[in-house]
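The structure appears below as structure tokens.
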Amino acid sequence: MDYVSYNGEISKKPQMPLDQGFLYGYGVFETINVAQGKLVFFEDHMERLKQSALVMGLKLNRHPDQIQSECQQIIAKNTMIRGGLRVTLSKGVKADNLLITARENHYDRRMFEQGLKICTSDTIRNEKSRLVSIKSNNYLENLLILNEAKAQGFSEAIFFNTQGYLAEGCMTNIFFIKNGRVNTPARDCGLLAGIVRNRVIALLKTNQIPITEGYYSSDQLLAADEVFITNSLMEIMPVKQLDKRYYGVGSETLTTRIDTLFQQTWGQR
Ligand SMILES: Cc1ncc(COP(=O)(O)O)c(C=O)c1O
């Protein structure tokens with residue numbers, strides 16, 4: 001997956017200036033799922049990118065249709081069937097820069113069937129941070145914590161905020177199920193309102209599956225029957241273990257029912 005698009009020019013090794021994106025992490029991005037060679041939820045991603053750009057004072061000087069066509073060129077050039085595209089908008093010197101890069105999607109069927117093992121982080125998520133609800137290039141804290149979690153055999157680490165309420169993971173949103181009700185942290189808990197999170201909430205409402213966005217303690221999470229996490233590349237991923245606590249996974253669970261509904265409605269996995 002060597003080919004990238006930099007301000008519309010496709011090449012293997014672009015000349016990139018030392019812009020404020022590089023020097024200060026002044027940029028925003030989207031990770032878009034590519035399934036069966038097609039972009040998934042592209043419009044949702046463009047909408048969020050526009051919002052992020054607005055908040056960060058960046059100028060998206062390309063039309064979403066043009067970005068879509070550049071993404072499709074990168075998919076074709078890299079002969080991608082399954083993977084992810086990252087669209088990064090960064091603060092340039094004269095104009096802002098748009099970079100599109102491609103990567104693999106490492107989530108596999110075995111993970112979906114067995115569920116992931118995740119942990120809680122003792123780093124506090126600051127729900128008042130100006131960056132917490134934006135997909136900005138400032139990912140270092142998340143990355144360091146994720147790497148530490150991985151070194152201990154976990155696939156994700158979950159944050160609580162300054163009030164002790166559940167927030168999200170380093171790269172995912174979190175949902176838990178208790179007595180047939182699905183729960184996920186409210187937007188002001190200190191989280192990125194994920195594209196998949198929003199789609200799952202809409203799907204549950206359409207299918208009359210009870211869903212609450214609220215404020216949850218770690219005890220509530222530990223007492224859950226099932227837990228799943230979401231992001232664009234994994235979509236809905238069951239969790240089998242959180243720290244030392246085990247949860248239900250498998251074909252009989254509500255998580256599987258929700259995943260089936262999701263795949264029937266939008267899926268190309
Ligand atoms: C911190 C964080 N929260 C949530 C998500 C999920 O967002 P989405 O569903 O838009 O991929 C991500 C995705 O990378 C993330 O980095």
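Residues are referred to by chain and number: the chain letter is A, B, ... according to the order shown in the structure tokens, the number counts from 1 in that chain, and ligands are numbered separately from 1 in the order shown.
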Write out as a PyMOL selection string the set of residues from segment 154-256 of chain A that DSSP, computed on the backbone, places in helix (DSSP H, G or I). chain A and resi 187-189+195-206+218-222+254-256
DSSP-assigned strand (DSSP E or B) members of segment 35-267 of chain A, reported as a PyMOL selection string: chain A and resi 35+38-39+83-90+97-103+116-125+136+157-161+166-169+173-178+181-185+211-214+226-231+235-242+245-246
List all protein, DNA and RNA residues that have an atom no more than 10 Å from any atom of ligand 1, counting only C-alpha atoms and all ligand atoms, and report them as a PyMOL selection string. chain A and resi 29-33+41+44-45+48+132-136+139+142-143+158-159+167-174+190-200+229-236
What are the closest atom pairs, with distances in Å to one decimal, for all residues of segment 141-211 of chain A lying within 10 Å of segment 237-255 of chain A? Consider only C-alpha atoms, order rows by chain and residue number, and present the result as JSON lines.
```
{"residue": "A:Phe154", "atom": "CA", "partner": "A:Asp243", "partner_atom": "CA", "distance": 8.7}
{"residue": "A:Ser155", "atom": "CA", "partner": "A:Val239", "partner_atom": "CA", "distance": 9.7}
{"residue": "A:Glu156", "atom": "CA", "partner": "A:Leu242", "partner_atom": "CA", "distance": 9.4}
{"residue": "A:Ala157", "atom": "CA", "partner": "A:Leu242", "partner_atom": "CA", "distance": 9.0}
{"residue": "A:Ile158", "atom": "CA", "partner": "A:Leu242", "partner_atom": "CA", "distance": 9.1}
{"residue": "A:Thr172", "atom": "CA", "partner": "A:Met237", "partner_atom": "CA", "distance": 9.8}
{"residue": "A:Ile174", "atom": "CA", "partner": "A:Met237", "partner_atom": "CA", "distance": 9.7}
{"residue": "A:Phe175", "atom": "CA", "partner": "A:Thr255", "partner_atom": "CA", "distance": 9.6}
{"residue": "A:Phe176", "atom": "CA", "partner": "A:Thr255", "partner_atom": "CA", "distance": 9.1}
{"residue": "A:Ile177", "atom": "CA", "partner": "A:Leu254", "partner_atom": "CA", "distance": 8.0}
{"residue": "A:Gly180", "atom": "CA", "partner": "A:Leu254", "partner_atom": "CA", "distance": 7.4}
{"residue": "A:Arg181", "atom": "CA", "partner": "A:Leu254", "partner_atom": "CA", "distance": 9.4}
{"residue": "A:Val182", "atom": "CA", "partner": "A:Leu254", "partner_atom": "CA", "distance": 9.1}
{"residue": "A:Ile209", "atom": "CA", "partner": "A:Leu254", "partner_atom": "CA", "distance": 9.6}
```
Restricted to C-alpha atoms, what would the selected residues look like written as an mmCIF file, in the first residue's frame?
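part_23.cif written:
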```cif
data_model
loop_
_atom_site.group_PDB
_atom_site.id
_atom_site.type_symbol
_atom_site.label_atom_id
_atom_site.label_comp_id
_atom_site.auth_asym_id
_atom_site.auth_seq_id
_atom_site.Cartn_x
_atom_site.Cartn_y
_atom_site.Cartn_z
ATOM 1 C CA PHE A 154 -4.564 -6.468 25.607
ATOM 2 C CA SER A 155 -5.995 -5.095 22.349
ATOM 3 C CA GLU A 156 -7.430 -1.837 23.700
ATOM 4 C CA ALA A 157 -7.387 0.319 26.860
ATOM 5 C CA ILE A 158 -10.473 2.113 28.176
ATOM 6 C CA THR A 172 -12.684 2.921 19.918
ATOM 7 C CA ILE A 174 -17.476 1.449 24.016
ATOM 8 C CA PHE A 175 -20.926 -0.056 24.563
ATOM 9 C CA PHE A 176 -22.114 -2.412 27.285
ATOM 10 C CA ILE A 177 -25.283 -4.447 27.631
ATOM 11 C CA GLY A 180 -31.139 -6.371 27.302
ATOM 12 C CA ARG A 181 -30.418 -2.630 27.381
ATOM 13 C CA VAL A 182 -27.477 -1.192 25.444
ATOM 14 C CA ILE A 209 -33.553 -2.228 20.958
#
```
Which residue out of A:Ile258, A:Met56, A:Leu140, A:Met80 has the minimum interatomic distance to Lys205 of chain A when only C-alpha atoms are used? A:Ile258
Between atom CA of Ser11 of chain A and atom CA of Lys91 of chain A - distance in Å to one decimal: 20.9 Å
Write out as a ChimeraX atom specification each polymer residue whose atoms come within 12 Å of Cys71 of chain A, counting only C-alpha atoms; drop sequence neighbours fewer than 6 positions from it. /A:3-10,30-34,37-40,42,46,64-65,77-78,80,84-88,98-102
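Atom to atom, atom CA of Ser129 of chain A and atom CA of Ile145 of chain A stand 17.7 Å apart.
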Using only C-alpha atoms, which of A:Asn97, A:Gln152, A:Thr256, A:Gln163 sits nearest Glu127 of chain A?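 Of all the options, A:Gln163 lies closest to Glu127 of chain A.
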May I ask for the distance between atom CA of Gln36 of chain A and atom CA of Ser69 of chain A, given in Å to one decimal place?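 That distance, rounded to one decimal, is 16.5 Å.
Omitting Asn183 of chain A and its sequence neighbours fewer than 3 positions away, and counting only C-alpha atoms, the residues within 10 Å are Ile174, Phe175, Phe176, Ile177, Lys178, Gly180, Ala186, Ile201, Pro210, Ile211, Thr212, Glu213, Gly214, Tyr215, Tyr216, Leu221, Ala224 and Val227 of chain A.
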Include N, CA and C atoms and write out the residues we just selected as a PDB file, in the first residue's frame.
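Final output, saved to selection16.pdb:
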```
ATOM      1  N   ILE A 174     -17.104   2.648  23.251  1.00  0.00           N
ATOM      2  CA  ILE A 174     -17.476   1.449  24.016  1.00  0.00           C
ATOM      3  C   ILE A 174     -18.985   1.416  24.289  1.00  0.00           C
ATOM      4  N   PHE A 175     -19.525   0.214  24.233  1.00  0.00           N
ATOM      5  CA  PHE A 175     -20.926  -0.056  24.563  1.00  0.00           C
ATOM      6  C   PHE A 175     -20.952  -1.216  25.554  1.00  0.00           C
ATOM      7  N   PHE A 176     -21.914  -1.203  26.479  1.00  0.00           N
ATOM      8  CA  PHE A 176     -22.114  -2.412  27.285  1.00  0.00           C
ATOM      9  C   PHE A 176     -23.602  -2.720  27.389  1.00  0.00           C
ATOM     10  N   ILE A 177     -23.888  -3.980  27.598  1.00  0.00           N
ATOM     11  CA  ILE A 177     -25.283  -4.447  27.631  1.00  0.00           C
ATOM     12  C   ILE A 177     -25.581  -5.006  29.017  1.00  0.00           C
ATOM     13  N   LYS A 178     -26.701  -4.540  29.589  1.00  0.00           N
ATOM     14  CA  LYS A 178     -27.131  -5.067  30.877  1.00  0.00           C
ATOM     15  C   LYS A 178     -28.631  -5.315  30.790  1.00  0.00           C
ATOM     16  N   GLY A 180     -30.519  -6.670  28.598  1.00  0.00           N
ATOM     17  CA  GLY A 180     -31.139  -6.371  27.302  1.00  0.00           C
ATOM     18  C   GLY A 180     -31.095  -4.917  26.890  1.00  0.00           C
ATOM     19  N   ALA A 186     -22.352   9.145  27.183  1.00  0.00           N
ATOM     20  CA  ALA A 186     -22.880  10.350  26.526  1.00  0.00           C
ATOM     21  C   ALA A 186     -21.711  11.124  25.906  1.00  0.00           C
ATOM     22  N   ILE A 201     -26.153   3.519  17.268  1.00  0.00           N
ATOM     23  CA  ILE A 201     -27.243   4.122  18.046  1.00  0.00           C
ATOM     24  C   ILE A 201     -28.494   4.258  17.169  1.00  0.00           C
ATOM     25  N   PRO A 210     -33.505  -1.256  23.223  1.00  0.00           N
ATOM     26  CA  PRO A 210     -33.285  -0.134  24.148  1.00  0.00           C
ATOM     27  C   PRO A 210     -31.825   0.320  24.191  1.00  0.00           C
ATOM     28  N   ILE A 211     -31.633   1.642  24.047  1.00  0.00           N
ATOM     29  CA  ILE A 211     -30.276   2.216  24.052  1.00  0.00           C
ATOM     30  C   ILE A 211     -30.293   3.487  24.887  1.00  0.00           C
ATOM     31  N   THR A 212     -29.304   3.624  25.755  1.00  0.00           N
ATOM     32  CA  THR A 212     -29.169   4.844  26.556  1.00  0.00           C
ATOM     33  C   THR A 212     -27.768   5.400  26.389  1.00  0.00           C
ATOM     34  N   GLU A 213     -27.682   6.716  26.208  1.00  0.00           N
ATOM     35  CA  GLU A 213     -26.390   7.400  26.263  1.00  0.00           C
ATOM     36  C   GLU A 213     -26.322   8.033  27.644  1.00  0.00           C
ATOM     37  N   GLY A 214     -25.351   7.628  28.475  1.00  0.00           N
ATOM     38  CA  GLY A 214     -25.388   8.096  29.861  1.00  0.00           C
ATOM     39  C   GLY A 214     -24.026   8.196  30.519  1.00  0.00           C
ATOM     40  N   TYR A 215     -24.060   8.184  31.846  1.00  0.00           N
ATOM     41  CA  TYR A 215     -22.872   8.418  32.676  1.00  0.00           C
ATOM     42  C   TYR A 215     -22.670   7.168  33.535  1.00  0.00           C
ATOM     43  N   TYR A 216     -21.590   6.451  33.291  1.00  0.00           N
ATOM     44  CA  TYR A 216     -21.445   5.117  33.882  1.00  0.00           C
ATOM     45  C   TYR A 216     -20.154   4.972  34.678  1.00  0.00           C
ATOM     46  N   LEU A 221     -19.824  -0.979  34.458  1.00  0.00           N
ATOM     47  CA  LEU A 221     -19.201  -1.671  33.323  1.00  0.00           C
ATOM     48  C   LEU A 221     -18.841  -3.105  33.711  1.00  0.00           C
ATOM     49  N   ALA A 224     -21.708  -5.596  33.679  1.00  0.00           N
ATOM     50  CA  ALA A 224     -22.430  -5.790  32.408  1.00  0.00           C
ATOM     51  C   ALA A 224     -22.473  -7.268  32.003  1.00  0.00           C
ATOM     52  N   VAL A 227     -20.044  -6.694  26.450  1.00  0.00           N
ATOM     53  CA  VAL A 227     -19.382  -5.429  26.101  1.00  0.00           C
ATOM     54  C   VAL A 227     -18.954  -5.530  24.634  1.00  0.00           C
TER      55      VAL A 227
END
```
